[in-house]
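Trainee: One structure follows; several queries about it will come next.
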Amino acid sequence: MTTLTSGRGTRVLVRAPGPAELRPARTHRRRRALELTLATAVPVLLVLLWQLAATRAWIDDRVYPAPSTILSDGWDRAAAGDLWPDVRATTRRVLAGYAVGTAAGYLLGLLMGSLPLVKAALEPLLDALYVVPKLALLPVFLNMFGLGEGPQVALVAVTVFFFVWISTMSAVIAVPSGHRDAGRVFGASPWQMFRHVLLPASLPAVLVGARIAAGVAVLVIVASEQIAATDGLGHLIFDSRALFQNDVMFVGIVCVAVLGVVFSELIRLAGRLLTPWAPRDRGRGQS
């Protein structure tokens, strides 16, 4: 930054362009490389520290098996075909419940966000139900659907419903009134108002809620499977702990983590494809 003085003594500060302005593409690549390095290095270092602690007997490897032991056991179970039935059961329940809950939450959130009278009629009831711990509803669903897939899917659907409903209703309400006024001025029909005004303006916030719901759906199904299921990753984790097979328990935990990350990233990818006009998440890079 340099200082220039005009003829009348006025001082003007002139800022020289930096690397980000002169070479934006190169700066972006370096920033992205740094972010990826940090995102990879932190979990790798933690796993290496865990491995070292287990091999040096700093921790009891019977309770906290080394990552190499967990990886070996997981590979053996996958190769023998013992792991995939539980993975498929959990994935099937999550996808079914997520689809039902997302559809119901989006439709009701859109309706309540667009019609004040519907919002006034239903919001107190839904707010009261929202604060009820969802696992407390599992006995109700067991009475309704009996043993099997029904209670698990219903629990995920109800959990996802509230996250999507709240994000959708809030996003629709937050659409600027100027957008709505512009649609009315051009004589937009209710469908055109939804298609060209409400949908593009609210969809980014709706997808954020959907991505949060994806992670919570995995959490809820694992807890539910520990209580009322005979298969699935939650049942695998709980049953292995009861039998003191801690290596198998950690295999199940790792599978749950991978499932949650993959599911959440798929929703994030869908959001980028559906809303190319929306800003990217911070820390994910700008294009």
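Just remember, in the structure tokens the first chain shown is A, the second B, etc., residues are 1-based per chain, and ligands are 1-based in the order shown.
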So that I can check the secondary structure, give me every residue of stretch 58-203 of chain A assigned helix (DSSP H, G or I) by backbone DSSP, as a PyMOL selection string.
Mentor: chain A and resi 67-80+84-114+116-130+134-145+149-173+177-185+190-203
Trainee: Tell me, as a PyMOL selection string, which residues lie within 9 Å of stretch 169-174 of chain A, counting only C-alpha atoms; anything in the same chain fewer than 2 positions away does not count.
Mentor: chain A and resi 106+108-114+119+164-167+176-177+198-199+201-206
Trainee: Using only C-alpha atoms, pick whichever of A:Val140, A:Ala182, A:Leu259, A:Val175 has the shortest atom-to-atom distance to A:Val216.
Mentor: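 The shortest atom-to-atom distance to A:Val216 comes from A:Leu259.
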Trainee: If you count only C-alpha atoms, which residues fall within 9 Å of stretch 120-135 of chain A, apart from same-chain ones fewer than 5 positions away, as a ChimeraX atom specification?
Mentor: /A:112,115,155-156,158-159,162,220,223-224
Trainee: Write the residues of the selection above to a file with C-alpha atoms, as a short mmCIF file (atom, residue, chain, number, x, y, z; two decimals), in the first residue's frame.
Mentor:
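selection-v2.cif, freshly written:
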```
data_model
loop_
_atom_site.label_atom_id
_atom_site.label_comp_id
_atom_site.auth_asym_id
_atom_site.auth_seq_id
_atom_site.Cartn_x
_atom_site.Cartn_y
_atom_site.Cartn_z
CA MET A 112 -47.95 -23.38 6.38
CA LEU A 115 -51.11 -19.72 4.21
CA LEU A 155 -39.45 -43.25 13.76
CA VAL A 156 -37.04 -42.01 11.10
CA VAL A 158 -41.21 -38.51 12.12
CA THR A 159 -37.74 -37.28 13.04
CA PHE A 162 -39.85 -32.00 11.86
CA VAL A 220 -32.13 -42.21 15.30
CA ALA A 223 -30.61 -45.95 18.55
CA SER A 224 -33.88 -47.58 17.51
#
```
Trainee: Which residues are close to stretch 78-94 of chain A, i.e. within 6 Å by only C-alpha atoms, leaving aside same-chain residues fewer than 2 positions away? Reply as a list in words.
Mentor: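 The filter keeps Trp75, Asp76, Ala96, Gly97, Tyr98, Val153, Asp231, Gly232 and Leu233 of chain A.
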Trainee: Go through A:Ala53, A:Leu236, A:Ala25, A:Val160 and flag the residue nearest A:Ala104, using only C-alpha atoms for the distances.
Mentor: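 Of A:Ala53, A:Leu236, A:Ala25, A:Val160, the one nearest A:Ala104, counting only C-alpha atoms, is A:Val160.
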Trainee: Please determine, counting only C-alpha atoms, which residue among A:Leu36, A:Val248, A:Val261, A:Ala154 has the shortest atom-to-atom distance to A:Pro139.
Mentor: A:Ala154
Trainee: For a quick check of understanding, using only C-alpha atoms, which of A:Ala229, A:Leu219, A:Met193, A:Ala39 has the smallest distance to A:Glu149?
Mentor: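 Ranking A:Ala229, A:Leu219, A:Met193, A:Ala39 by distance to A:Glu149, first place goes to A:Ala229.
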Trainee: Please report, as a list in words, each residue of stretch 5-97 of chain A to which DSSP assigns strand (DSSP E or B) when run on this structure's backbone.
Mentor: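 For stretch 5-97 of chain A, the strand (DSSP E or B) set is Thr5, Arg11, Val12, Leu13 and Val14 of chain A.
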